[in-house]
$ cat query-v9.txt   # compact mmCIF, C-alpha atoms
# COMPACT_ATOMS: atom_id res chain seq x y z
CA MET A 15 -70.87 12.40 -55.54
CA SER A 16 -73.83 14.00 -53.74
CA GLU A 17 -77.25 13.73 -55.33
CA PRO A 18 -77.98 16.54 -57.84
CA ALA A 19 -81.00 18.79 -57.35
CA GLU A 20 -84.47 17.76 -58.55
CA ALA A 21 -84.29 20.25 -61.44
CA PHE A 22 -82.69 23.57 -62.27
CA TYR A 23 -85.96 25.42 -61.61
CA LEU A 24 -89.12 24.87 -59.58
CA PRO A 25 -92.28 26.37 -61.14
CA LEU A 26 -94.20 28.67 -58.78
CA GLY A 27 -97.07 29.60 -61.12
CA ASP A 28 -97.87 32.92 -62.86
CA ASN A 29 -94.61 32.78 -64.85
CA ARG A 30 -92.54 32.64 -61.67
CA TYR A 31 -89.71 30.21 -60.92
CA GLU A 32 -87.37 29.35 -58.07
CA PRO A 33 -83.76 28.42 -58.94
CA THR A 34 -82.24 25.42 -57.16
CA ARG A 35 -78.60 24.83 -56.23
CA ALA A 36 -78.13 23.25 -59.68
CA THR A 37 -77.99 26.80 -61.09
CA GLU A 38 -75.02 27.76 -58.87
CA SER A 39 -72.39 30.01 -60.47
CA PRO A 40 -68.70 29.07 -60.26
CA TRP A 41 -67.89 32.69 -59.36
CA ASP A 42 -70.50 33.28 -56.61
CA SER A 43 -72.52 30.61 -54.79
CA GLN A 44 -75.43 33.05 -54.33
CA ALA A 45 -75.64 33.75 -58.07
CA GLN A 46 -76.71 31.66 -61.06
CA HIS A 47 -74.49 30.20 -63.77
CA GLY A 48 -75.43 31.68 -67.16
CA GLY A 49 -76.40 28.34 -68.70
CA PRO A 50 -79.65 27.54 -66.87
CA PRO A 51 -81.14 31.07 -67.29
CA THR A 52 -80.30 31.00 -71.01
CA ALA A 53 -81.90 27.57 -71.28
CA LEU A 54 -85.05 28.61 -69.41
CA LEU A 55 -85.59 31.76 -71.46
CA GLY A 56 -84.76 29.89 -74.67
CA HIS A 57 -87.23 27.13 -73.80
CA LEU A 58 -90.00 29.63 -73.07
CA LEU A 59 -89.28 31.60 -76.25
CA ASP A 60 -89.29 28.45 -78.38
CA THR A 61 -92.63 27.47 -76.84
CA ALA A 62 -94.06 30.95 -77.44
CA ALA A 63 -93.01 30.79 -81.11
CA GLY A 64 -95.50 27.97 -81.68
CA PRO A 65 -95.30 24.43 -83.09
CA ASP A 66 -94.55 25.50 -86.69
CA LYS A 67 -91.38 27.44 -85.83
CA ARG A 68 -88.11 26.48 -84.19
CA LEU A 69 -85.64 28.64 -82.31
CA ALA A 70 -82.67 29.28 -84.63
CA ARG A 71 -80.64 31.82 -82.68
CA ILE A 72 -80.70 33.18 -79.15
CA THR A 73 -78.65 35.97 -77.59
CA ALA A 74 -78.84 36.30 -73.82
CA ASP A 75 -77.40 39.43 -72.19
CA PHE A 76 -76.50 39.17 -68.51
CA LEU A 77 -77.06 42.62 -66.97
CA GLY A 78 -75.17 41.75 -63.78
CA ALA A 79 -74.97 38.92 -61.29
CA ILE A 80 -78.10 36.73 -61.58
CA PRO A 81 -79.48 36.15 -58.06
CA ARG A 82 -80.33 32.64 -56.87
CA ARG A 83 -83.80 33.53 -55.68
CA PRO A 84 -87.34 33.52 -57.12
CA PHE A 85 -88.07 35.60 -60.22
CA ARG A 86 -90.65 36.06 -62.96
CA VAL A 87 -90.27 35.79 -66.72
CA ASP A 88 -91.86 38.31 -69.08
CA THR A 89 -92.14 37.30 -72.75
CA VAL A 90 -93.11 39.45 -75.74
CA GLU A 91 -93.13 39.05 -79.52
CA ILE A 92 -91.04 41.88 -81.01
CA ARG A 93 -91.45 41.11 -84.70
CA PRO A 94 -94.37 38.82 -85.59
CA GLY A 95 -94.18 36.83 -88.79
CA ARG A 96 -95.51 33.70 -90.44
CA ARG A 97 -92.07 32.42 -91.45
CA ILE A 98 -89.69 34.36 -89.18
CA ALA A 99 -90.38 35.93 -85.78
CA LEU A 100 -88.30 37.79 -83.18
CA LEU A 101 -89.19 37.27 -79.53
CA GLU A 102 -87.83 38.60 -76.25
CA ALA A 103 -87.87 37.24 -72.69
CA ARG A 104 -86.71 38.87 -69.48
CA MET A 105 -85.75 37.29 -66.16
CA VAL A 106 -87.00 39.87 -63.65
CA PHE A 107 -86.14 40.22 -59.94
CA ASP A 108 -88.14 42.83 -57.99
CA ASP A 109 -89.04 44.61 -61.25
CA ARG A 110 -85.36 44.71 -62.30
CA PRO A 111 -84.31 42.58 -65.29
CA ALA A 112 -81.15 40.51 -64.73
CA VAL A 113 -81.18 38.65 -68.07
CA VAL A 114 -82.63 39.80 -71.39
CA ALA A 115 -82.80 37.25 -74.21
CA ARG A 116 -83.85 37.71 -77.82
CA ALA A 117 -84.45 34.82 -80.17
CA TRP A 118 -85.18 34.40 -83.85
CA ALA A 119 -87.63 31.60 -84.56
CA ILE A 120 -87.90 30.27 -88.12
CA GLU A 121 -90.69 28.24 -89.71
CA THR A 122 -89.75 24.61 -90.34
CA GLY A 123 -90.22 23.14 -93.81
CA PRO A 124 -89.27 20.32 -96.19
CA THR A 125 -85.82 18.74 -96.06
CA PRO A 126 -83.40 20.42 -98.53
CA PRO A 127 -81.57 18.25 -101.11
CA ALA A 128 -78.18 18.92 -99.46
CA THR A 129 -77.19 19.36 -95.81
CA GLY A 130 -73.70 20.89 -96.14
CA GLU A 131 -70.40 19.80 -94.60
CA GLN A 132 -70.63 16.72 -92.40
CA LEU A 133 -69.19 16.82 -88.87
CA HIS A 134 -68.14 13.68 -87.02
CA PRO A 135 -67.31 14.32 -83.35
CA PRO A 136 -64.93 12.00 -81.46
CA ALA A 137 -66.29 8.87 -79.81
CA LEU A 138 -67.78 9.20 -76.34
CA ALA A 139 -64.98 8.96 -73.77
CA ASP A 140 -65.10 6.65 -70.74
CA ALA A 141 -66.54 7.97 -67.50
CA ASP A 142 -64.00 9.70 -65.24
CA PRO A 143 -64.85 9.87 -61.50
CA ALA A 144 -62.52 12.88 -61.20
CA LEU A 145 -65.05 14.86 -63.27
CA ASP A 146 -67.84 14.37 -60.72
CA LEU A 147 -67.70 17.99 -59.57
CA THR A 148 -68.95 17.38 -56.03
CA GLY A 149 -69.83 20.46 -54.01
CA TRP A 150 -70.80 22.64 -56.99
CA GLY A 151 -74.49 22.43 -57.83
CA TYR A 152 -74.20 23.18 -61.55
CA GLY A 153 -71.20 20.88 -61.98
CA GLU A 154 -73.01 17.99 -60.28
CA ALA A 155 -76.03 18.40 -62.57
CA ILE A 156 -73.97 17.58 -65.67
CA GLU A 157 -71.85 14.60 -66.68
CA TRP A 158 -68.58 15.64 -68.34
CA ARG A 159 -66.39 13.43 -70.57
CA TYR A 160 -63.39 15.18 -72.13
CA THR A 161 -61.99 14.10 -75.48
CA ARG A 162 -59.33 16.84 -75.49
CA GLY A 163 -57.90 18.83 -72.58
CA GLY A 164 -59.51 18.41 -69.19
CA TYR A 165 -61.15 20.21 -66.28
CA GLY A 166 -58.81 22.74 -64.68
CA THR A 167 -55.95 22.14 -67.15
CA ALA A 168 -55.82 25.78 -68.42
CA ASP A 169 -56.04 24.58 -72.01
CA SER A 170 -57.46 27.16 -74.44
CA ALA A 171 -58.60 24.35 -76.76
CA ALA A 172 -60.71 21.63 -75.13
CA ASP A 173 -63.44 19.25 -76.29
CA VAL A 174 -66.00 17.59 -74.06
CA TRP A 175 -69.12 15.44 -74.23
CA THR A 176 -71.86 16.64 -71.85
CA ARG A 177 -75.02 15.05 -70.50
CA VAL A 178 -77.49 17.02 -68.41
CA ARG A 179 -78.64 14.79 -65.55
CA ILE A 180 -81.79 16.63 -64.40
CA PRO A 181 -84.82 18.41 -65.94
CA LEU A 182 -84.71 22.12 -66.66
CA ILE A 183 -88.09 22.63 -64.96
CA ALA A 184 -89.35 20.24 -62.29
CA GLY A 185 -92.12 18.02 -63.64
CA GLU A 186 -91.26 18.66 -67.31
CA LYS A 187 -89.27 16.55 -69.75
CA LEU A 188 -85.85 17.94 -70.70
CA THR A 189 -85.90 19.04 -74.35
CA GLY A 190 -83.01 18.92 -76.80
CA LEU A 191 -82.92 22.72 -76.90
CA ALA A 192 -82.73 23.02 -73.12
CA ARG A 193 -80.08 20.29 -72.95
CA THR A 194 -77.93 22.32 -75.36
CA LEU A 195 -78.40 25.75 -73.81
CA VAL A 196 -77.74 24.55 -70.26
CA VAL A 197 -74.17 23.62 -71.23
CA ALA A 198 -73.45 26.25 -73.93
CA ASP A 199 -72.37 28.92 -71.43
CA SER A 200 -69.64 26.55 -70.19
CA ALA A 201 -67.59 27.10 -73.36
CA ASN A 202 -65.38 29.68 -71.63
CA GLY A 203 -64.77 27.49 -68.59
CA VAL A 204 -64.08 24.35 -70.59
CA SER A 205 -61.45 26.20 -72.66
CA ALA A 206 -60.10 28.44 -69.88
CA ALA A 207 -56.65 29.57 -71.03
CA LEU A 208 -55.54 30.51 -67.49
CA PRO A 209 -56.00 28.77 -64.10
CA MET A 210 -59.58 29.34 -62.90
CA GLU A 211 -58.46 29.49 -59.27
CA HIS A 212 -56.50 32.66 -60.11
CA TRP A 213 -58.46 34.21 -62.99
CA LEU A 214 -62.04 35.22 -63.82
CA PHE A 215 -63.51 34.69 -67.30
CA ILE A 216 -66.87 36.47 -67.14
CA PRO A 217 -69.13 36.53 -70.24
CA PRO A 218 -71.65 39.42 -70.22
CA SER A 219 -73.48 37.80 -73.14
CA ILE A 220 -73.86 34.57 -75.10
CA THR A 221 -75.11 33.86 -78.61
CA VAL A 222 -76.11 30.35 -79.68
CA THR A 223 -77.07 29.61 -83.30
CA LEU A 224 -78.57 26.20 -83.99
CA ALA A 225 -79.10 24.30 -87.23
CA ARG A 226 -81.08 21.70 -85.29
CA PHE A 227 -81.74 20.39 -81.79
CA PRO A 228 -79.97 17.23 -80.54
CA ASP A 229 -81.79 13.92 -80.78
CA THR A 230 -79.77 12.18 -78.06
CA GLU A 231 -78.88 13.00 -74.47
CA TRP A 232 -75.18 13.69 -75.21
CA VAL A 233 -73.97 17.03 -76.64
CA HIS A 234 -70.35 17.52 -77.73
CA MET A 235 -68.63 20.91 -77.41
CA ALA A 236 -65.38 21.75 -79.23
CA CYS A 237 -64.36 24.87 -77.29
CA ARG A 238 -61.72 27.51 -78.00
CA SER A 239 -60.76 30.70 -76.12
CA HIS A 240 -58.71 33.64 -77.38
CA LEU A 241 -57.45 36.31 -74.94
CA SER A 242 -56.29 39.82 -75.86
CA PRO A 243 -53.47 41.82 -74.21
CA ASP A 244 -55.94 44.34 -72.73
CA GLY A 245 -58.10 42.05 -70.59
CA LEU A 246 -60.79 40.98 -73.08
CA GLY A 247 -61.36 37.70 -74.81
CA VAL A 248 -63.65 35.56 -76.94
CA SER A 249 -64.79 31.99 -76.37
CA HIS A 250 -66.57 29.95 -78.99
CA ALA A 251 -67.69 26.37 -79.40
CA THR A 252 -68.91 24.09 -82.15
CA LEU A 253 -71.79 21.91 -80.98
CA SER A 254 -72.58 18.42 -82.25
CA ASP A 255 -74.20 15.15 -81.25
CA THR A 256 -73.72 11.57 -82.43
CA ASP A 257 -75.59 12.44 -85.65
CA GLY A 258 -73.36 15.41 -86.51
CA TYR A 259 -73.42 19.20 -86.49
CA LEU A 260 -75.76 21.18 -84.21
CA GLY A 261 -74.57 24.79 -84.12
CA GLU A 262 -72.23 27.42 -82.69
CA VAL A 263 -71.64 29.32 -79.44
CA SER A 264 -69.93 32.72 -79.11
CA GLN A 265 -69.13 34.69 -75.93
CA PRO A 266 -67.24 37.93 -75.26
CA LEU A 267 -65.14 37.78 -72.08
CA LEU A 268 -64.01 40.05 -69.27
CA VAL A 269 -60.67 38.54 -68.11
CA ARG A 270 -59.33 39.62 -64.71
CA PRO A 271 -57.26 38.20 -61.83
CA ARG A 272 -59.37 37.06 -58.88
$ encode --input "query-v9.txt" --output "structure tokens"
Amino acid sequence: MSEPAEAFYLPLGDNRYEPTRATESPWDSQAQHGGPPTALLGHLLDTAAGPDKRLARITADFLGAIPRRPFRVDTVEIRPGRRIALLEARMVFDDRPAVVARAWAIETGPTPPATGEQLHPPALADADPALDLTGWGYGEAIEWRYTRGGYGTADSAADVWTRVRIPLIAGEKLTGLARTLVVADSANGVSAALPMEHWLFIPPSITVTLARFPDTEWVHMACRSHLSPDGLGVSHATLSDTDGYLGEVSQPLLVRPR
């Protein structure tokens, strides 16, 4: 396997960033995969919310192909609040937004007396050299270990452990939130119900709702896709780590032959 990029993004100052080849889309080598932009905007929104709040839900809308070239990020607080706040971030290219993300941040507090249903994901699978996705920048930046289905098997139900190999932003430590959001947009590809070499599964949006951030470097995704007779679909995933439940992913899909 070739060496992955230094990070997904290089900071340029003044809220500007340069995407590396680790952001490469599977549909267009000159565009970005939806995961890294969602992770970057989510990370910046969580930071803007302050130390007493934590990002609980993010929806990122992709307004078209996301170019693999420098951009700026604009962030604004839509609904201020001591306990709950709504924030928005935009990834802007030449004054045109390509991604708009809104996030609800909720104040953290004391541990409740009950935590709800317990989730126990499957054990971490052994490493598989066949899953070193050489030649695709995003694929190389992540370690994949399937516990159900497999890459390219056209299985609409597939489960996989993921480990992000590089930082989100060069020179910064990878956070649990960023680690989760980088891979969340892969739910539709992991559970592709049709062969990816013949079909496109394009999500114009993604929503991730998180009960907590992962404490370890491995994130498990239990992914499912459902396709309709008229060319639409839905992908969703349940997220967990070795300590249990993390949250949910949901994506609408445009399904078309290549």
$ residues_around --input "query-v9.txt" --residues "range 85-95 of chain A" --least-positions-apart "3" --cutoff "9 Å" --atoms "only C-alpha atoms" --output "list in words"
Asp28, Asn29, Arg30, Tyr31, Glu32, Pro33, Leu55, Leu58, Leu59, Ala62, Ala63, Pro81, Arg82, Ile98, Ala99, Leu100, Leu101, Glu102, Ala103, Arg104, Met105, Val106, Phe107, Asp108, Asp109 and Arg116 of chain A
$ atom_distance --input "query-v9.txt" --atom1 "CA of Gly203 in chain A" --atom2 "CA of Cys237 in chain A"
9.1 Å
$ atom_distance --input "query-v9.txt" --atom1 "CA of Ala206 in chain A" --atom2 "CA of His240 in chain A"
9.2 Å
$ closest_atom_pairs --input "query-v9.txt" --of "range 77-183 of chain A" --to "range 187-194 of chain A" --cutoff "7 Å" --atoms "all atoms listed in the file" --output "JSON lines"
{"residue": "A:Val178", "atom": "CA", "partner": "A:Arg193", "partner_atom": "CA", "distance": 6.2}
{"residue": "A:Pro181", "atom": "CA", "partner": "A:Leu188", "partner_atom": "CA", "distance": 4.9}
{"residue": "A:Leu182", "atom": "CA", "partner": "A:Leu188", "partner_atom": "CA", "distance": 5.9}
$ closest_residue --input "query-v9.txt" --among "A:Ala74, A:Ala184, A:Val233, A:Leu138" --to "Thr34 in chain A" --atoms "only C-alpha atoms"
A:Ala184
$ residues_around --input "query-v9.txt" --residues "Ile80 in chain A" --least-positions-apart "5" --cutoff "10 Å" --atoms "only C-alpha atoms" --output "JSON, numbers by chain"
{"A": [37, 38, 39, 42, 44, 45, 46, 47, 48, 51, 105, 106, 107, 111, 112, 113]}
$ closest_residue --input "query-v9.txt" --among "A:Asp257, A:Asp173, A:Asp66, A:Asp199" --to "Thr221 in chain A" --atoms "all atoms listed in the file"
A:Asp199
$ residues_around --input "query-v9.txt" --residues "range 224-230 of chain A" --least-positions-apart "4" --cutoff "9 Å" --atoms "only C-alpha atoms" --output "PyMOL selection string"
chain A and resi 68-72+189-191+193-194+253-257+259-263
$ closest_residue --input "query-v9.txt" --among "A:Asp60, A:Pro84, A:Leu133, A:Ser170" --to "Ala119 in chain A" --atoms "only C-alpha atoms"
A:Asp60
$ atom_distance --input "query-v9.txt" --atom1 "CA of Pro136 in chain A" --atom2 "CA of Thr223 in chain A"
21.5 Å
$ closest_residue --input "query-v9.txt" --among "A:Glu154, A:Glu121, A:Asp142, A:Asp75" --to "Glu17 in chain A" --atoms "all atoms listed in the file"
A:Glu154
$ closest_residue --input "query-v9.txt" --among "A:Pro266, A:Gly49, A:Pro218, A:Pro243" --to "Leu77 in chain A" --atoms "only C-alpha atoms"
A:Pro218
$ closest_residue --input "query-v9.txt" --among "A:Phe22, A:Tyr152, A:Trp232, A:Phe76" --to "Leu54 in chain A" --atoms "all atoms listed in the file"
A:Phe22
$ decode --input "query-v9.txt" --residues "range 19-31 of chain A" --atoms "N, CA and C atoms" --output "compact mmCIF listing (two decimals), in the first residue's frame"
# COMPACT_ATOMS: atom_id res chain seq x y z
N ALA A 19 -1.79 10.26 2.82
CA ALA A 19 -1.43 11.67 2.91
C ALA A 19 -1.14 12.05 4.36
N GLU A 20 -0.51 13.22 4.54
CA GLU A 20 -0.17 13.72 5.88
C GLU A 20 -1.41 13.94 6.74
N ALA A 21 -2.47 14.42 6.12
CA ALA A 21 -3.74 14.70 6.80
C ALA A 21 -4.79 14.88 5.71
N PHE A 22 -6.04 15.00 6.12
CA PHE A 22 -7.08 15.28 5.13
C PHE A 22 -7.02 16.73 4.66
N TYR A 23 -6.64 17.64 5.57
CA TYR A 23 -6.60 19.06 5.23
C TYR A 23 -5.33 19.72 5.76
N LEU A 24 -4.83 20.67 4.97
CA LEU A 24 -3.70 21.50 5.38
C LEU A 24 -4.24 22.88 5.72
N PRO A 25 -3.97 23.41 6.93
CA PRO A 25 -4.46 24.74 7.28
C PRO A 25 -3.66 25.82 6.56
N LEU A 26 -4.35 26.81 6.00
CA LEU A 26 -3.70 27.89 5.27
C LEU A 26 -3.81 29.22 6.01
N GLY A 27 -4.50 29.25 7.15
CA GLY A 27 -4.71 30.48 7.89
C GLY A 27 -5.97 31.20 7.43
N ASP A 28 -6.50 32.08 8.30
CA ASP A 28 -7.70 32.87 7.99
C ASP A 28 -8.88 31.99 7.60
N ASN A 29 -9.04 30.88 8.32
CA ASN A 29 -10.16 29.95 8.09
C ASN A 29 -10.15 29.32 6.71
N ARG A 30 -8.97 29.19 6.13
CA ARG A 30 -8.83 28.57 4.82
C ARG A 30 -8.08 27.24 4.96
N TYR A 31 -8.42 26.30 4.08
CA TYR A 31 -7.85 24.95 4.13
C TYR A 31 -7.61 24.45 2.71
